[in-house]
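Below is model_34.txt, holding compact mmCIF, C-alpha atoms.
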```txt
# COMPACT_ATOMS: atom_id res chain seq x y z
CA MET R 1 6.08 -17.49 -2.56
CA ALA R 2 5.21 -13.85 -3.32
CA THR R 3 7.59 -11.74 -5.37
CA MET R 4 8.65 -8.77 -3.22
CA LEU R 5 9.93 -5.96 -5.45
CA GLY R 6 12.03 -4.38 -2.70
CA GLU R 7 14.04 -7.58 -2.26
CA LEU R 8 15.04 -7.82 -5.95
CA THR R 9 17.99 -6.38 -7.86
CA TRP R 10 17.11 -4.11 -10.76
CA VAL R 11 17.84 -6.95 -13.19
CA GLN R 12 15.48 -9.28 -11.30
CA ALA R 13 12.91 -6.47 -11.14
CA GLU R 14 13.04 -6.11 -14.91
CA GLU R 15 12.07 -9.78 -15.24
CA ALA R 16 9.39 -9.49 -12.54
CA PHE R 17 7.75 -6.59 -14.38
CA LYS R 18 7.68 -8.71 -17.57
CA ASP R 19 5.91 -11.50 -15.67
CA ASN R 20 3.39 -9.34 -13.79
CA ARG R 21 0.76 -6.81 -14.83
CA ILE R 22 -0.74 -6.51 -11.35
CA ALA R 23 1.00 -4.94 -8.38
CA LEU R 24 -0.11 -4.78 -4.76
CA LEU R 25 0.73 -1.74 -2.62
CA PRO R 26 0.39 -2.30 1.15
CA VAL R 27 -0.50 0.85 3.12
CA GLY R 28 -0.73 1.11 6.89
CA SER R 29 -0.13 3.64 9.62
CA THR R 30 2.60 3.71 12.24
CA GLU R 31 0.73 4.39 15.47
CA GLN R 32 -0.10 3.03 18.89
CA HIS R 33 -2.13 -0.15 19.16
CA GLY R 34 -2.31 -0.46 22.91
CA HIS R 35 0.29 -1.94 25.23
CA HIS R 36 0.43 -5.30 23.47
CA LEU R 37 0.86 -4.66 19.73
CA PRO R 38 3.68 -3.07 17.72
CA LEU R 39 3.40 0.39 16.17
CA ALA R 40 3.50 -1.13 12.68
CA THR R 41 0.49 -3.43 13.22
CA ASP R 42 -1.57 -1.87 10.40
CA TYR R 43 1.30 -2.08 7.94
CA ILE R 44 2.34 -5.60 8.98
CA LEU R 45 -1.18 -6.89 8.35
CA ALA R 46 -1.54 -5.07 5.02
CA GLU R 47 1.79 -6.48 3.82
CA GLU R 48 0.93 -10.02 4.92
CA ILE R 49 -2.41 -9.88 3.11
CA ALA R 50 -0.64 -8.51 0.01
CA LYS R 51 1.82 -11.44 0.10
CA ARG R 52 -0.99 -14.00 0.36
CA VAL R 53 -3.03 -12.41 -2.42
CA ALA R 54 0.05 -12.10 -4.65
CA GLU R 55 0.64 -15.84 -4.43
CA GLN R 56 -2.88 -16.52 -5.64
CA VAL R 57 -3.14 -13.99 -8.47
CA ASN R 58 0.48 -13.77 -9.70
CA ALA R 59 1.00 -10.19 -8.58
CA LEU R 60 4.08 -8.26 -7.58
CA VAL R 61 4.19 -6.86 -4.02
CA LEU R 62 5.55 -3.33 -4.01
CA PRO R 63 7.46 -1.83 -1.09
CA GLY R 64 4.66 -0.40 0.98
CA ILE R 65 3.83 2.89 2.59
CA PRO R 66 4.03 2.49 6.39
CA TYR R 67 2.59 5.94 7.15
CA GLY R 68 -0.85 7.46 6.98
CA PRO R 69 -3.08 10.08 8.57
CA CYS R 70 -3.22 9.12 12.26
CA HIS R 71 -3.43 12.39 14.11
CA THR R 72 -5.85 11.03 16.71
CA PHE R 73 -3.02 9.13 18.38
CA ARG R 74 -0.23 11.68 17.88
CA ARG R 75 0.30 12.10 21.62
CA TYR R 76 1.50 8.47 21.89
CA ALA R 77 5.23 7.86 21.49
CA GLY R 78 6.15 6.40 18.12
CA THR R 79 3.06 7.56 16.25
CA ILE R 80 4.13 9.08 12.94
CA GLY R 81 1.39 10.74 10.92
CA ILE R 82 1.35 12.29 7.47
CA ARG R 83 -1.23 14.55 5.86
CA PRO R 84 -3.95 12.91 3.74
CA GLN R 85 -2.68 14.89 0.74
CA THR R 86 0.80 13.44 1.26
CA LEU R 87 -0.52 9.88 1.22
CA GLN R 88 -2.61 10.66 -1.85
CA ALA R 89 0.44 12.08 -3.65
CA MET R 90 2.59 9.09 -2.67
CA VAL R 91 0.04 6.58 -3.99
CA GLU R 92 -0.34 8.55 -7.23
CA ASP R 93 3.45 8.79 -7.72
CA VAL R 94 3.95 5.06 -7.07
CA CYS R 95 1.18 4.21 -9.56
CA ARG R 96 2.68 6.45 -12.23
CA SER R 97 6.11 4.96 -11.65
CA VAL R 98 5.09 1.30 -11.91
CA LYS R 99 2.94 2.07 -14.95
CA ARG R 100 6.16 2.96 -16.78
CA HIS R 101 7.39 -0.56 -16.02
CA GLY R 102 4.32 -2.26 -17.49
CA ILE R 103 2.03 -2.59 -14.47
CA ARG R 104 -1.60 -2.05 -15.46
CA ILE R 105 -3.44 -2.59 -12.18
CA VAL R 106 -2.38 -1.52 -8.72
CA ALA R 107 -4.42 -2.86 -5.82
CA VAL R 108 -3.87 -0.76 -2.71
CA ILE R 109 -4.13 -3.03 0.32
CA ILE R 110 -5.18 -0.78 3.17
CA GLY R 111 -4.46 -1.80 6.75
CA HIS R 112 -5.75 1.37 8.43
CA LEU R 113 -9.25 2.74 7.94
CA THR R 114 -8.30 6.43 7.77
CA ASP R 115 -5.85 5.63 4.96
CA ALA R 116 -8.80 4.68 2.73
CA THR R 117 -10.07 8.26 2.23
CA PRO R 118 -6.95 9.70 0.54
CA VAL R 119 -6.66 6.61 -1.66
CA GLN R 120 -10.32 6.91 -2.67
CA CYS R 121 -9.70 10.59 -3.41
CA HIS R 122 -6.80 9.60 -5.67
CA ASN R 123 -8.98 7.13 -7.50
CA SER R 124 -11.77 9.63 -8.18
CA THR R 125 -9.88 12.89 -8.73
CA SER R 126 -6.80 11.84 -10.69
CA ARG R 127 -6.12 13.80 -13.81
CA PRO R 128 -7.09 11.80 -16.92
CA GLN R 129 -3.52 11.64 -18.23
CA SER R 130 -2.36 9.89 -15.04
CA ARG R 131 -5.31 7.57 -14.56
CA PHE R 132 -5.13 3.82 -15.10
CA PRO R 133 -6.98 0.98 -13.39
CA LEU R 134 -6.61 1.34 -9.65
CA SER R 135 -8.45 -0.98 -7.36
CA GLN R 136 -8.21 -1.08 -3.61
CA GLY R 137 -8.74 -3.63 -0.94
CA ASN R 138 -9.45 -2.63 2.62
CA CYS R 139 -8.20 -5.11 5.18
CA LYS R 140 -9.22 -4.24 8.70
CA HIS R 141 -6.89 -5.60 11.36
CA TRP R 142 -9.86 -6.57 13.52
CA SER R 143 -11.25 -8.88 10.83
CA PHE R 144 -8.18 -10.52 9.27
CA PRO R 145 -9.44 -12.44 6.23
CA THR R 146 -8.48 -15.96 5.27
CA VAL R 147 -6.53 -15.55 2.05
```
Spit out the file's structure as structure tokens when you get a sec.
Amino acid sequence: MATMLGELTWVQAEEAFKDNRIALLPVGSTEQHGHHLPLATDYILAEEIAKRVAEQVNALVLPGIPYGPCHTFRRYAGTIGIRPQTLQAMVEDVCRSVKRHGIRIVAVIIGHLTDATPVQCHNSTSRPQSRFPLSQGNCKHWSFPTV
């Protein structure tokens, strides 16, 4: 079973950080997906993939970011979009924060294609003092992998 940081107490989190050097950060937008799927589809899939990967590689699943740039669908009720720069800043701040707890690699599990650009920007333009290994996986909800 995957270790979900957001479900732990701070004492349990302290132990989890000692046992893990890899963290997975699910990212997905909150937007329309037609009449048949929930608004959180992208995030739900990214989190599920993160859980499955975590079980296989002994990683910690971080509380995710359920928002991203999704301005194309802003006219649909329930769509909540953020600026690409906001997502980039959030990913950078989360990475800095978990680095202080001993995490060395953060894999960003992306459930929405337009979320990939700000994350890639973070990876390539981070200031040297804040940079540490950051890998990203891009899971597309139309091609759910077997993990």
query = How many Å separate CA of Ala59 in chain R from CA of Asp42 in chain R?
reply =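 CA of Asp42 in chain R lies at a distance of 20.9 Å from CA of Ala59 in chain R.
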message = Would you pick out the contacts of Gln56 in chain R at 12 Å or less, using all atoms listed in the file, so that residues sharing its chain but fewer than 3 positions from it are not included, and give the list as a list in words?
response =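 With the cut-off at 12 Å, the set is Met1, Ala2, Thr3, Ile22, Ile49, Ala50, Lys51, Arg52, Val53, Ala59, Leu60 and Val147 of chain R.
Using only C-alpha atoms, the nearest neighbour of Gly34 in chain R within the list R:Gln12, R:Arg21, R:Tyr67, R:Phe73 is R:Phe73.
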Kindly provide the residues of range 14-33 of chain R that approach range 105-111 of chain R to within 10 Å, each paired with its closest atom pair and their distance in Å to one decimal, based on all atoms listed in the file, listed by chain and increasing number, as JSON lines.
```
{"residue": "R:Asn20", "atom": "CA", "partner": "R:Ile105", "partner_atom": "CA", "distance": 9.7}
{"residue": "R:Arg21", "atom": "CA", "partner": "R:Ile105", "partner_atom": "CA", "distance": 6.5}
{"residue": "R:Ile22", "atom": "CA", "partner": "R:Ile105", "partner_atom": "CA", "distance": 4.8}
{"residue": "R:Ala23", "atom": "CA", "partner": "R:Val106", "partner_atom": "CA", "distance": 4.8}
{"residue": "R:Leu24", "atom": "CA", "partner": "R:Ala107", "partner_atom": "CA", "distance": 4.8}
{"residue": "R:Leu25", "atom": "CA", "partner": "R:Val108", "partner_atom": "CA", "distance": 4.7}
{"residue": "R:Pro26", "atom": "CA", "partner": "R:Ile109", "partner_atom": "CA", "distance": 4.7}
{"residue": "R:Val27", "atom": "CA", "partner": "R:Ile110", "partner_atom": "CA", "distance": 5.0}
{"residue": "R:Gly28", "atom": "CA", "partner": "R:Gly111", "partner_atom": "CA", "distance": 4.7}
{"residue": "R:Ser29", "atom": "CA", "partner": "R:Gly111", "partner_atom": "CA", "distance": 7.5}
```
Same residues, C-alpha atoms, output as a PDB file, in the frame of the given file:
```
ATOM      1  CA  ASN R  20       3.390  -9.340 -13.790  1.00  0.00           C
ATOM      2  CA  ARG R  21       0.760  -6.810 -14.830  1.00  0.00           C
ATOM      3  CA  ILE R  22      -0.740  -6.510 -11.350  1.00  0.00           C
ATOM      4  CA  ALA R  23       1.000  -4.940  -8.380  1.00  0.00           C
ATOM      5  CA  LEU R  24      -0.110  -4.780  -4.760  1.00  0.00           C
ATOM      6  CA  LEU R  25       0.730  -1.740  -2.620  1.00  0.00           C
ATOM      7  CA  PRO R  26       0.390  -2.300   1.150  1.00  0.00           C
ATOM      8  CA  VAL R  27      -0.500   0.850   3.120  1.00  0.00           C
ATOM      9  CA  GLY R  28      -0.730   1.110   6.890  1.00  0.00           C
ATOM     10  CA  SER R  29      -0.130   3.640   9.620  1.00  0.00           C
TER      11      SER R  29
END
```
task = Between CA of Pro63 in chain R and CA of His35 in chain R, measure the distance and give it in Å to one decimal.
result =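 A separation of 27.3 Å between them.
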ask   = At what distance in Å, to one decimal, does CA of Pro69 in chain R lie from CA of Thr30 in chain R?
value =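 CA of Pro69 in chain R lies at a distance of 9.3 Å from CA of Thr30 in chain R.
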ask   = Residues at most 10 Å from His101 in chain R, counting only C-alpha atoms, excluding those fewer than 5 positions away in the same chain, as a PyMOL selection string?
value = chain R and resi 13-14+16-18+20-21+96
List as a PDB file with C-alpha atoms, in the frame of the given file the protein and nucleic acid residues near Gly68 in chain R, meaning an atom at most 9 Å away when all atoms listed in the file are counted, but skip any in the same chain fewer than 6 places from it.
```pdb
ATOM      1  CA  VAL R  27      -0.500   0.850   3.120  1.00  0.00           C
ATOM      2  CA  GLY R  28      -0.730   1.110   6.890  1.00  0.00           C
ATOM      3  CA  SER R  29      -0.130   3.640   9.620  1.00  0.00           C
ATOM      4  CA  THR R  30       2.600   3.710  12.240  1.00  0.00           C
ATOM      5  CA  ILE R  80       4.130   9.080  12.940  1.00  0.00           C
ATOM      6  CA  GLY R  81       1.390  10.740  10.920  1.00  0.00           C
ATOM      7  CA  ILE R  82       1.350  12.290   7.470  1.00  0.00           C
ATOM      8  CA  ARG R  83      -1.230  14.550   5.860  1.00  0.00           C
ATOM      9  CA  PRO R  84      -3.950  12.910   3.740  1.00  0.00           C
ATOM     10  CA  THR R  86       0.800  13.440   1.260  1.00  0.00           C
ATOM     11  CA  LEU R  87      -0.520   9.880   1.220  1.00  0.00           C
ATOM     12  CA  HIS R 112      -5.750   1.370   8.430  1.00  0.00           C
ATOM     13  CA  THR R 114      -8.300   6.430   7.770  1.00  0.00           C
ATOM     14  CA  ASP R 115      -5.850   5.630   4.960  1.00  0.00           C
TER      15      ASP R 115
END
```
